[in-house]
>>> print(open('run.cif').read())   # mmCIF, C-alpha atoms
data_start
#
loop_
_atom_site.label_atom_id
_atom_site.label_comp_id
_atom_site.auth_asym_id
_atom_site.auth_seq_id
_atom_site.Cartn_x
_atom_site.Cartn_y
_atom_site.Cartn_z
CA MET U 1 -13.19 -11.88 11.78
CA ASP U 2 -14.62 -11.41 15.25
CA GLN U 3 -11.59 -12.55 17.16
CA PRO U 4 -8.57 -10.93 15.59
CA ALA U 5 -5.18 -12.26 16.53
CA ALA U 6 -2.78 -10.01 18.43
CA ALA U 7 0.27 -10.31 20.63
CA SER U 8 -1.06 -12.44 23.44
CA ASP U 9 -0.21 -10.06 26.29
CA LYS U 10 -1.88 -7.23 24.38
CA THR U 11 -5.12 -9.02 23.55
CA PRO U 12 -7.91 -6.55 24.27
CA ARG U 13 -10.40 -7.54 26.95
CA THR U 14 -13.23 -5.16 26.18
CA SER U 15 -15.48 -5.09 23.14
CA ARG U 16 -14.34 -1.53 22.48
CA GLY U 17 -10.74 -2.72 22.52
CA ARG U 18 -11.56 -5.53 20.09
CA ARG U 19 -13.23 -3.01 17.77
CA THR U 20 -10.14 -0.80 17.83
CA LEU U 21 -7.91 -3.80 17.14
CA ARG U 22 -10.19 -4.77 14.23
CA LYS U 23 -9.92 -1.23 12.81
CA LEU U 24 -6.12 -1.36 13.08
CA LEU U 25 -5.94 -4.73 11.32
CA ASP U 26 -8.31 -3.62 8.54
CA ALA U 27 -6.32 -0.42 8.05
CA ALA U 28 -3.09 -2.42 8.05
CA ALA U 29 -4.44 -4.73 5.31
CA VAL U 30 -5.10 -1.71 3.10
CA GLU U 31 -1.80 -0.01 3.93
CA PHE U 32 0.44 -3.09 3.54
CA GLY U 33 -1.54 -4.17 0.47
CA GLU U 34 -1.06 -0.81 -1.24
CA LYS U 35 2.44 0.17 -0.15
CA GLY U 36 4.14 -3.04 0.90
CA PHE U 37 5.75 -3.58 4.27
CA HIS U 38 8.75 -1.28 3.92
CA GLU U 39 6.85 1.77 2.72
CA ALA U 40 3.96 1.28 5.12
CA SER U 41 4.00 3.43 8.25
CA ILE U 42 2.35 3.13 11.63
CA SER U 43 1.17 6.75 11.49
CA SER U 44 -0.51 6.18 8.15
CA ILE U 45 -2.19 3.02 9.50
CA THR U 46 -3.49 4.78 12.61
CA GLY U 47 -4.66 7.63 10.35
CA ARG U 48 -6.60 5.20 8.15
CA ALA U 49 -8.03 3.52 11.25
CA ASN U 50 -8.92 6.87 12.81
CA VAL U 51 -7.09 5.85 15.97
CA ALA U 52 -4.61 7.97 17.93
CA LEU U 53 -0.97 7.13 17.21
CA GLY U 54 -0.24 6.42 20.89
CA THR U 55 -3.13 3.95 21.03
CA PHE U 56 -1.30 1.77 18.50
CA TYR U 57 1.18 0.66 21.13
CA THR U 58 -1.58 -0.57 23.40
CA TYR U 59 -2.10 -3.25 20.76
CA PHE U 60 1.25 -3.84 19.05
CA ASP U 61 4.91 -3.38 19.91
CA SER U 62 5.99 -2.56 16.37
CA LYS U 63 5.14 -2.58 12.67
CA ASP U 64 6.61 -6.10 12.55
CA ALA U 65 4.28 -7.29 15.30
CA LEU U 66 1.29 -5.78 13.48
CA PHE U 67 2.35 -7.48 10.24
CA ARG U 68 2.63 -10.87 11.97
CA ALA U 69 -0.79 -10.40 13.54
CA LEU U 70 -2.22 -9.44 10.15
CA VAL U 71 -0.89 -12.60 8.48
CA ALA U 72 -2.41 -14.72 11.26
CA ASP U 73 -5.66 -12.75 10.99
CA MET U 74 -5.85 -13.28 7.23
CA SER U 75 -5.15 -17.00 7.57
CA GLU U 76 -7.98 -17.15 10.08
CA ALA U 77 -10.29 -15.12 7.81
CA VAL U 78 -9.72 -17.49 4.88
CA LYS U 79 -10.37 -20.46 7.15
CA ALA U 80 -13.54 -18.90 8.61
CA SER U 81 -14.83 -18.07 5.13
CA ALA U 82 -14.23 -21.66 3.97
CA ARG U 83 -16.01 -23.03 7.05
CA GLU U 84 -19.13 -21.11 6.11
CA ALA U 85 -19.06 -22.47 2.56
CA ILE U 86 -18.90 -26.09 3.69
CA HIS U 87 -21.94 -27.89 5.04
CA GLU U 88 -22.55 -31.15 6.82
CA GLY U 89 -23.48 -33.86 4.38
CA MET U 90 -21.28 -32.62 1.54
CA GLY U 91 -19.08 -35.31 0.02
CA ALA U 92 -15.29 -34.98 -0.02
CA LEU U 93 -15.08 -33.68 -3.60
CA GLU U 94 -18.02 -31.35 -3.07
CA VAL U 95 -16.21 -29.91 -0.05
CA GLU U 96 -13.11 -29.20 -2.17
CA ARG U 97 -15.25 -27.54 -4.86
CA ALA U 98 -17.14 -25.38 -2.40
CA ALA U 99 -13.96 -24.42 -0.51
CA LEU U 100 -12.21 -23.39 -3.74
CA ALA U 101 -15.21 -21.43 -5.06
CA ASP U 102 -15.37 -19.63 -1.73
CA PHE U 103 -11.64 -18.96 -1.68
CA LEU U 104 -11.73 -17.50 -5.21
CA LYS U 105 -14.55 -15.13 -4.25
CA PHE U 106 -12.79 -14.20 -1.02
CA ALA U 107 -9.55 -13.46 -2.92
CA ARG U 108 -11.41 -11.35 -5.49
CA GLU U 109 -12.88 -9.28 -2.66
CA HIS U 110 -9.56 -9.13 -0.77
CA ARG U 111 -6.96 -9.02 -3.51
CA GLU U 112 -4.44 -7.56 -1.09
CA ILE U 113 -4.25 -10.90 0.68
CA TYR U 114 -1.87 -12.33 -1.91
CA ARG U 115 0.55 -9.45 -1.68
CA ILE U 116 0.52 -9.55 2.11
CA ILE U 117 0.94 -13.33 2.48
CA ASP U 118 3.62 -13.33 -0.25
CA GLU U 119 5.52 -10.48 1.40
CA ALA U 120 5.58 -12.51 4.61
CA GLU U 121 8.16 -14.73 2.86
CA PHE U 122 10.56 -11.80 3.25
CA VAL U 123 9.28 -9.93 6.29
CA ASP U 124 8.43 -12.89 8.48
CA PRO U 125 9.43 -16.25 6.93
CA ALA U 126 8.13 -18.26 9.90
CA SER U 127 4.60 -16.85 9.46
CA TYR U 128 4.75 -17.55 5.74
CA ARG U 129 5.70 -21.17 6.23
CA ARG U 130 3.20 -21.67 9.07
CA HIS U 131 0.42 -20.22 6.92
CA TYR U 132 0.90 -22.85 4.22
CA GLU U 133 1.75 -25.74 6.52
CA THR U 134 -1.45 -25.13 8.45
CA ILE U 135 -3.54 -25.12 5.28
CA ALA U 136 -1.76 -28.25 4.02
CA ASP U 137 -2.57 -30.03 7.29
CA ARG U 138 -6.27 -29.35 6.72
CA PHE U 139 -6.03 -30.71 3.18
CA VAL U 140 -4.40 -33.88 4.50
CA GLU U 141 -7.20 -34.35 7.04
CA ARG U 142 -9.88 -33.91 4.40
CA LEU U 143 -8.14 -36.24 1.94
CA LYS U 144 -7.74 -38.95 4.55
CA GLY U 145 -11.35 -38.47 5.62
CA GLY U 146 -12.43 -38.91 2.00
CA GLY U 147 -10.32 -42.05 1.77
CA ASN U 148 -11.87 -43.45 4.94
CA SER U 149 -15.40 -42.82 3.68
CA GLY U 150 -14.54 -44.55 0.41
CA GLU U 151 -15.24 -41.54 -1.81
CA LEU U 152 -11.53 -40.94 -2.46
CA ARG U 153 -8.86 -43.47 -3.18
CA GLY U 154 -6.54 -44.59 -0.41
CA GLY U 155 -2.96 -43.48 -0.01
CA LEU U 156 -3.61 -39.75 -0.33
CA GLY U 157 -1.47 -37.59 1.90
CA GLU U 158 0.94 -34.72 2.14
CA VAL U 159 2.12 -34.67 -1.49
CA HIS U 160 -1.47 -34.46 -2.71
CA ALA U 161 -2.28 -31.83 -0.11
CA TRP U 162 0.50 -29.52 -1.31
CA ALA U 163 -0.47 -30.17 -4.91
CA LEU U 164 -4.12 -29.26 -4.30
CA MET U 165 -3.20 -26.21 -2.26
CA GLY U 166 -0.86 -25.00 -5.01
CA MET U 167 -3.57 -25.43 -7.63
CA ASN U 168 -5.95 -23.32 -5.60
CA VAL U 169 -3.38 -20.61 -4.90
CA PHE U 170 -2.35 -20.26 -8.57
CA VAL U 171 -5.88 -20.44 -9.94
CA GLY U 172 -6.74 -17.72 -7.44
CA LEU U 173 -3.75 -15.64 -8.52
CA ARG U 174 -4.77 -15.85 -12.18
CA TYR U 175 -8.55 -15.46 -11.94
CA ALA U 176 -9.25 -13.67 -8.66
CA VAL U 177 -6.24 -11.37 -8.22
CA TRP U 178 -5.15 -10.81 -11.84
CA GLY U 179 -8.63 -11.39 -13.26
CA GLU U 180 -10.83 -8.72 -14.70
CA GLY U 181 -13.56 -9.35 -12.15
CA ARG U 182 -15.91 -10.90 -14.69
CA GLU U 183 -14.63 -14.48 -14.69
CA ASP U 184 -17.14 -17.10 -13.60
CA LEU U 185 -15.44 -18.29 -10.44
CA ASP U 186 -17.98 -21.06 -9.81
CA ARG U 187 -17.33 -22.53 -13.24
CA ILE U 188 -13.56 -22.32 -12.68
CA ALA U 189 -13.91 -24.10 -9.33
CA GLU U 190 -15.94 -26.81 -11.11
CA GLU U 191 -13.24 -27.30 -13.76
CA VAL U 192 -10.55 -27.63 -11.12
CA ASN U 193 -12.78 -30.01 -9.19
CA LEU U 194 -13.21 -32.25 -12.23
CA LEU U 195 -9.44 -32.17 -12.70
CA ILE U 196 -8.80 -33.35 -9.15
CA ALA U 197 -11.65 -35.87 -9.26
CA ARG U 198 -10.79 -37.68 -12.47
CA GLY U 199 -7.61 -36.20 -13.86
CA ILE U 200 -6.86 -35.24 -17.41
CA GLU U 201 -6.27 -38.61 -19.01
CA ALA U 202 -8.69 -39.51 -21.78
CA THR U 203 -11.08 -42.22 -20.67
CA GLU U 204 -11.19 -45.24 -22.89
CA GLY U 205 -14.13 -46.18 -24.99
CA MET O 1 22.64 -21.00 -19.41
CA ASP O 2 24.82 -20.16 -22.37
CA GLN O 3 22.95 -17.15 -23.58
CA PRO O 4 22.14 -15.06 -20.54
CA ALA O 5 19.59 -12.30 -20.92
CA ALA O 6 20.73 -8.70 -20.49
CA ALA O 7 19.57 -5.23 -21.42
CA SER O 8 19.47 -5.50 -25.21
CA ASP O 9 21.79 -2.58 -25.96
CA LYS O 10 24.31 -3.99 -23.51
CA THR O 11 24.35 -7.55 -24.80
CA PRO O 12 27.99 -8.62 -24.94
CA ARG O 13 29.36 -9.49 -28.37
CA THR O 14 32.48 -11.38 -27.39
CA SER O 15 32.78 -14.74 -25.65
CA ARG O 16 34.81 -13.04 -22.92
CA GLY O 17 31.98 -10.54 -22.45
CA ARG O 18 29.45 -13.37 -22.24
CA ARG O 19 31.56 -15.10 -19.60
CA THR O 20 31.70 -11.91 -17.52
CA LEU O 21 27.94 -11.48 -17.85
CA ARG O 22 27.47 -15.10 -16.77
CA LYS O 23 29.68 -14.51 -13.71
CA LEU O 24 27.67 -11.40 -12.78
CA LEU O 25 24.34 -13.25 -13.10
CA ASP O 26 25.60 -16.23 -11.06
CA ALA O 27 26.94 -13.89 -8.37
CA ALA O 28 23.66 -11.96 -8.40
CA ALA O 29 21.69 -15.20 -7.87
CA VAL O 30 23.74 -15.92 -4.73
CA GLU O 31 23.61 -12.32 -3.47
CA PHE O 32 19.86 -11.74 -4.08
CA GLY O 33 19.10 -15.26 -2.82
CA GLU O 34 20.97 -14.70 0.44
CA LYS O 35 20.25 -11.06 1.19
CA GLY O 36 17.14 -10.19 -0.79
CA PHE O 37 16.91 -7.31 -3.24
CA HIS O 38 17.04 -4.40 -0.83
CA GLU O 39 20.09 -5.56 1.13
CA ALA O 40 21.98 -6.73 -1.95
CA SER O 41 24.65 -4.38 -3.28
CA ILE O 42 26.32 -4.01 -6.64
CA SER O 43 29.76 -3.88 -5.02
CA SER O 44 29.14 -7.13 -3.19
CA ILE O 45 27.95 -8.76 -6.44
CA THR O 46 31.01 -7.62 -8.40
CA GLY O 47 33.16 -8.81 -5.48
CA ARG O 48 31.58 -12.26 -5.61
CA ALA O 49 31.98 -12.32 -9.40
CA ASN O 50 35.57 -11.15 -9.15
CA VAL O 51 34.78 -8.36 -11.62
CA ALA O 52 35.78 -4.70 -11.28
CA LEU O 53 32.98 -2.46 -10.01
CA GLY O 54 33.19 -0.20 -13.06
CA THR O 55 32.79 -3.18 -15.37
CA PHE O 56 29.32 -3.76 -13.95
CA TYR O 57 27.96 -0.76 -15.83
CA THR O 58 29.14 -2.17 -19.14
CA TYR O 59 26.47 -4.80 -18.60
CA PHE O 60 23.71 -3.23 -16.51
CA ASP O 61 22.40 0.25 -15.81
CA SER O 62 21.37 -0.49 -12.23
CA LYS O 63 20.65 -3.09 -9.58
CA ASP O 64 17.06 -3.10 -10.87
CA ALA O 65 18.21 -3.92 -14.39
CA LEU O 66 20.40 -6.74 -13.10
CA PHE O 67 17.49 -8.13 -11.09
CA ARG O 68 15.19 -8.08 -14.14
CA ALA O 69 17.86 -9.83 -16.21
CA LEU O 70 18.32 -12.43 -13.46
CA VAL O 71 14.59 -13.24 -13.36
CA ALA O 72 14.58 -13.67 -17.16
CA ASP O 73 17.76 -15.75 -16.95
CA MET O 74 16.27 -18.03 -14.29
CA SER O 75 13.05 -18.48 -16.28
CA GLU O 76 15.21 -19.46 -19.23
CA ALA O 77 17.32 -21.83 -17.12
CA VAL O 78 14.21 -23.66 -15.82
CA LYS O 79 12.93 -23.92 -19.39
CA ALA O 80 16.28 -25.19 -20.72
CA SER O 81 16.53 -27.76 -17.94
CA ALA O 82 13.00 -29.04 -18.68
CA ARG O 83 13.81 -29.28 -22.39
CA GLU O 84 16.68 -31.63 -21.64
CA ALA O 85 14.47 -33.85 -19.50
CA ILE O 86 11.87 -34.28 -22.22
CA HIS O 87 12.44 -36.56 -25.17
CA GLU O 88 10.74 -37.15 -28.48
CA GLY O 89 8.35 -40.02 -28.26
CA MET O 90 7.28 -39.39 -24.66
CA GLY O 91 3.53 -39.29 -24.16
CA ALA O 92 1.78 -36.21 -22.78
CA LEU O 93 1.58 -37.49 -19.20
CA GLU O 94 5.14 -38.80 -19.34
CA VAL O 95 6.28 -35.33 -20.39
CA GLU O 96 4.54 -33.78 -17.37
CA ARG O 97 6.13 -36.34 -15.05
CA ALA O 98 9.61 -35.85 -16.47
CA ALA O 99 9.29 -32.05 -16.46
CA LEU O 100 8.19 -32.01 -12.82
CA ALA O 101 10.90 -34.44 -11.70
CA ASP O 102 13.45 -32.27 -13.46
CA PHE O 103 12.04 -29.08 -11.96
CA LEU O 104 12.14 -30.52 -8.44
CA LYS O 105 15.79 -31.50 -8.85
CA PHE O 106 16.61 -28.12 -10.38
CA ALA O 107 14.91 -26.32 -7.48
CA ARG O 108 16.75 -28.46 -4.91
CA GLU O 109 20.04 -27.49 -6.54
CA HIS O 110 19.00 -23.83 -6.92
CA ARG O 111 16.87 -23.16 -3.86
CA GLU O 112 17.46 -19.44 -4.24
CA ILE O 113 15.27 -19.42 -7.34
CA TYR O 114 12.07 -19.36 -5.29
CA ARG O 115 13.14 -16.40 -3.21
CA ILE O 116 14.25 -14.47 -6.28
CA ILE O 117 11.17 -15.16 -8.40
CA ASP O 118 8.92 -14.47 -5.42
CA GLU O 119 10.68 -11.21 -4.63
CA ALA O 120 10.04 -10.11 -8.22
CA GLU O 121 6.39 -9.70 -7.18
CA PHE O 122 7.57 -6.67 -5.22
CA VAL O 123 10.68 -5.49 -7.05
CA ASP O 124 9.45 -5.97 -10.61
CA PRO O 125 5.79 -7.05 -10.81
CA ALA O 126 5.82 -7.18 -14.62
CA SER O 127 8.65 -9.75 -14.64
CA TYR O 128 6.85 -11.79 -12.01
CA ARG O 129 3.64 -11.93 -13.99
CA ARG O 130 5.43 -12.59 -17.28
CA HIS O 131 7.37 -15.46 -15.70
CA TYR O 132 4.20 -17.32 -14.76
CA GLU O 133 2.18 -16.37 -17.82
CA THR O 134 4.96 -17.70 -20.05
CA ILE O 135 5.07 -21.01 -18.18
CA ALA O 136 1.27 -21.25 -18.24
CA ASP O 137 1.30 -20.76 -22.02
CA ARG O 138 3.60 -23.76 -22.38
CA PHE O 139 1.30 -25.87 -20.20
CA VAL O 140 -1.66 -24.89 -22.40
CA GLU O 141 0.23 -25.94 -25.53
CA ARG O 142 1.18 -29.29 -24.04
CA LEU O 143 -2.36 -29.95 -22.75
CA LYS O 144 -3.89 -29.13 -26.12
CA GLY O 145 -1.28 -31.29 -27.85
CA GLY O 146 -2.19 -34.17 -25.55
CA GLY O 147 -5.85 -33.60 -26.32
CA ASN O 148 -5.17 -33.64 -30.06
CA SER O 149 -3.21 -36.87 -29.82
CA GLY O 150 -6.07 -38.46 -27.88
CA GLU O 151 -4.00 -39.20 -24.77
CA LEU O 152 -5.68 -36.42 -22.76
CA ARG O 153 -9.31 -35.50 -22.67
CA GLY O 154 -10.54 -32.56 -24.73
CA GLY O 155 -11.44 -29.17 -23.35
CA LEU O 156 -8.24 -28.67 -21.36
CA GLY O 157 -6.94 -25.14 -21.35
CA GLU O 158 -5.86 -22.18 -19.28
CA VAL O 159 -7.57 -23.11 -16.01
CA HIS O 160 -5.90 -26.53 -16.07
CA ALA O 161 -2.57 -24.96 -17.00
CA TRP O 162 -2.59 -22.65 -13.99
CA ALA O 163 -3.72 -25.51 -11.76
CA LEU O 164 -0.89 -27.79 -12.91
CA MET O 165 1.68 -25.01 -12.66
CA GLY O 166 0.53 -24.21 -9.11
CA MET O 167 0.81 -27.86 -8.12
CA ASN O 168 4.37 -28.02 -9.36
CA VAL O 169 5.37 -24.74 -7.68
CA PHE O 170 3.96 -25.73 -4.29
CA VAL O 171 5.24 -29.31 -4.39
CA GLY O 172 8.63 -27.79 -5.23
CA LEU O 173 8.37 -25.35 -2.35
CA ARG O 174 7.59 -28.14 0.13
CA TYR O 175 9.96 -30.87 -1.04
CA ALA O 176 12.77 -29.14 -2.93
CA VAL O 177 13.14 -25.79 -1.14
CA TRP O 178 11.89 -26.64 2.36
CA GLY O 179 12.81 -30.30 2.10
CA GLU O 180 15.65 -31.98 3.94
CA GLY O 181 17.37 -33.01 0.75
CA ARG O 182 16.59 -36.68 1.22
CA GLU O 183 13.07 -36.80 -0.25
CA ASP O 184 12.66 -39.06 -3.26
CA LEU O 185 11.81 -36.44 -5.86
CA ASP O 186 11.15 -39.01 -8.59
CA ARG O 187 8.57 -40.75 -6.43
CA ILE O 188 6.94 -37.41 -5.60
CA ALA O 189 6.77 -36.51 -9.29
CA GLU O 190 5.11 -39.89 -9.92
CA GLU O 191 2.50 -39.33 -7.23
CA VAL O 192 1.65 -35.92 -8.65
CA ASN O 193 1.54 -37.44 -12.13
CA LEU O 194 -0.96 -40.07 -11.01
CA LEU O 195 -3.03 -37.30 -9.42
CA ILE O 196 -3.20 -35.33 -12.65
CA ALA O 197 -3.71 -38.45 -14.76
CA ARG O 198 -6.61 -40.04 -12.90
CA GLY O 199 -7.54 -37.76 -10.03
CA ILE O 200 -8.31 -38.70 -6.46
CA GLU O 201 -11.77 -40.14 -6.76
CA ALA O 202 -12.09 -43.79 -5.80
CA THR O 203 -12.64 -45.97 -8.83
CA GLU O 204 -15.67 -48.18 -8.68
CA GLY O 205 -15.59 -51.93 -8.45
#
>>> encode(input="run.cif", output="structure tokens")
Amino acid sequence: MDQPAAASDKTPRTSRGRRTLRKLLDAAAVEFGEKGFHEASISSITGRANVALGTFYTYFDSKDALFRALVADMSEAVKASAREAIHEGMGALEVERAALADFLKFAREHREIYRIIDEAEFVDPASYRRHYETIADRFVERLKGGGNSGELRGGLGEVHAWALMGMNVFVGLRYAVWGEGREDLDRIAEEVNLLIARGIEATEG
Amino acid sequence: MDQPAAASDKTPRTSRGRRTLRKLLDAAAVEFGEKGFHEASISSITGRANVALGTFYTYFDSKDALFRALVADMSEAVKASAREAIHEGMGALEVERAALADFLKFAREHREIYRIIDEAEFVDPASYRRHYETIADRFVERLKGGGNSGELRGGLGEVHAWALMGMNVFVGLRYAVWGEGREDLDRIAEEVNLLIARGIEATEG
């Protein structure tokens, strides 16, 4: 999360500025996650971040602008986390397994992410839709790549991308966000991976 | 939607009462769907339903109570619609295909259902969780039934249930709610069905 997103004309140019922006975004994640958008307040966020109230406006025009930046920042954080979990040389199915296992662990550590992304549907519908469309685009790329390499069957595309994304989101909701913290997330990612690899139909013989 | 849910002590006993309750729930679906919970008002809902404001309190104690009843009513409506799409003698995979096709058509006709269920996460978290847990339980039953009949492989359970439910929810979001209304929902349900039947791995030979 080294390069947090902010309103473009307010992007900080110094490392100190970037640190302050990071503190504001981290405080906002806690505040919005605990209280929701409507109850959250700028003064409480600056208090949590240990930043002067006036400083807030150096970075954001409003609570809405901060919320939008937070959604973009969280999308980026999920993506960055997944990138670290995936290595050159992994096959297409192995990539999906590793990305899901990583996402489940990320969501367990950042349970507030669900509440914040979900609230974007109401606070900032465009961010909400962009969040999922962007992720779906990456699924499509990976599925087509797997088809080209011959590991996956041909003809995979957008429908399959949304299906796989939905699986991951709901498995994360159940086991990472609503879980008790003891579930074996690697094993769960493996079960989902077997489901997407071979389906649920009984094999003959 | 013949037997709408309401606060138990306020359940209407006459057919006229049930019709009024139905009108209030239908008006609430439009109002909450358009404005969201916080902006919605009881007076606007009774206006839409063409019911006197005072009559509202014969049926519900508050806007919160109406919202909870609406979430339960929508869960029931989805379930009832799926029941009609499924017939005796269908195989386990055929049931999943028919249920998804039906759900996609239902969601296209009732796009407000996503916004209302999703807003329950914030307005009434217990209803939100119960909604999905109830659906997941039905998936588990069907998957185990399919395993017992030999059509599906053994060992299917809760993880697969949440995965399949998530697929359906997200495919519905993309093609029924955010769709242009021209997508071939039957074809989409078939593609998802092939995905869950046999997966995405290339078959050898």
>>> closest_residue(input="run.cif", among="U:Val71, U:Leu164, U:Ala77, U:Leu143", to="Glu119 (chain U)", atoms="all atoms listed in the file")
U:Val71
>>> resolve_selection(input="run.cif", expression="the PyMOL selection byres ((chain U) within 10 of (chain O))", output="MDAnalysis selection string")
chainID U and resid 35:36 92:93 115 118:119 121:122 129 132:133 143 146:147 150:156 158:175 178 188:189 191:204
>>> atom_distance(input="run.cif", atom1="CA of Gly145 (chain U)", atom2="CA of Arg97 (chain U)")
15.6 Å
>>> residues_near_point(input="run.cif", point="(4.3, -9.1, 9.7)", cutoff="8 Å", atoms="all atoms listed in the file", output="VMD selection string")
chain U and resid 37 63 to 71 120 123 to 124 127
>>> closest_residue(input="run.cif", among="U:Ile135, U:Ala126, U:Ala72, U:Ile116", to="Val30 (chain U)", atoms="only C-alpha atoms")
U:Ile116
>>> resolve_selection(input="run.cif", expression="the PyMOL selection byres ((chain U and resi 111) around 10)", output="list in words")
Gly33, Leu104, Lys105, Phe106, Ala107, Arg108, Glu109, His110, Glu112, Ile113, Tyr114, Arg115, Ile116, Gly172, Leu173, Ala176, Val177 and Trp178 of chain U
>>> resolve_selection(input="run.cif", expression="the PyMOL selection byres ((chain O and resi 38-54) around 8)", output="count of residues only")
16
>>> atom_distance(input="run.cif", atom1="CA of Leu21 (chain O)", atom2="CA of Ser75 (chain O)")
16.5 Å
>>> atom_distance(input="run.cif", atom1="CA of Ala98 (chain U)", atom2="CA of Ala82 (chain U)")
7.9 Å
>>> closest_residue(input="run.cif", among="O:Asp73, O:Tyr59, O:Arg18, O:Ala99", to="Ala85 (chain O)", atoms="all atoms listed in the file")
O:Ala99
>>> decode(input="run.cif", residues="region 100-106 of chain U", atoms="all heavy atoms", output="compact mmCIF listing (two decimals), in the first residue's frame")
# COMPACT_ATOMS: atom_id res chain seq x y z
N LEU U 100 -6.97 -17.11 -4.47
CA LEU U 100 -8.08 -17.22 -3.53
C LEU U 100 -7.58 -17.41 -2.09
O LEU U 100 -8.07 -16.76 -1.17
CB LEU U 100 -9.02 -18.38 -3.91
CG LEU U 100 -10.14 -18.67 -2.91
CD1 LEU U 100 -10.99 -17.43 -2.63
CD2 LEU U 100 -11.02 -19.82 -3.40
N ALA U 101 -6.58 -18.28 -1.92
CA ALA U 101 -6.04 -18.49 -0.56
C ALA U 101 -5.53 -17.17 -0.01
O ALA U 101 -5.77 -16.82 1.17
CB ALA U 101 -4.92 -19.53 -0.60
N ASP U 102 -4.86 -16.41 -0.85
CA ASP U 102 -4.35 -15.12 -0.40
C ASP U 102 -5.48 -14.15 -0.07
O ASP U 102 -5.45 -13.46 0.96
CB ASP U 102 -3.46 -14.51 -1.48
CG ASP U 102 -2.98 -13.13 -1.08
OD1 ASP U 102 -2.03 -13.06 -0.28
OD2 ASP U 102 -3.58 -12.12 -1.52
N PHE U 103 -6.49 -14.14 -0.93
CA PHE U 103 -7.63 -13.24 -0.69
C PHE U 103 -8.33 -13.58 0.63
O PHE U 103 -8.70 -12.70 1.40
CB PHE U 103 -8.63 -13.30 -1.85
CG PHE U 103 -9.90 -12.57 -1.57
CD1 PHE U 103 -9.91 -11.18 -1.48
CD2 PHE U 103 -11.09 -13.26 -1.36
CE1 PHE U 103 -11.09 -10.49 -1.19
CE2 PHE U 103 -12.26 -12.58 -1.07
CZ PHE U 103 -12.26 -11.21 -0.99
N LEU U 104 -8.51 -14.88 0.89
CA LEU U 104 -9.19 -15.28 2.14
C LEU U 104 -8.39 -14.82 3.35
O LEU U 104 -8.96 -14.34 4.34
CB LEU U 104 -9.38 -16.80 2.17
CG LEU U 104 -10.32 -17.38 1.10
CD1 LEU U 104 -10.35 -18.91 1.17
CD2 LEU U 104 -11.74 -16.82 1.24
N LYS U 105 -7.08 -14.96 3.29
CA LYS U 105 -6.24 -14.53 4.42
C LYS U 105 -6.26 -13.01 4.55
O LYS U 105 -6.34 -12.47 5.66
CB LYS U 105 -4.81 -15.04 4.25
CG LYS U 105 -4.73 -16.56 4.44
CD LYS U 105 -3.38 -17.13 4.00
CE LYS U 105 -3.50 -18.63 3.81
NZ LYS U 105 -2.27 -19.21 3.21
N PHE U 106 -6.23 -12.34 3.41
CA PHE U 106 -6.30 -10.87 3.44
C PHE U 106 -7.63 -10.41 4.06
O PHE U 106 -7.65 -9.51 4.90
CB PHE U 106 -6.18 -10.34 2.00
CG PHE U 106 -6.16 -8.84 1.92
CD1 PHE U 106 -4.95 -8.14 1.97
CD2 PHE U 106 -7.34 -8.11 1.79
CE1 PHE U 106 -4.94 -6.76 1.91
CE2 PHE U 106 -7.33 -6.72 1.73
CZ PHE U 106 -6.11 -6.05 1.79
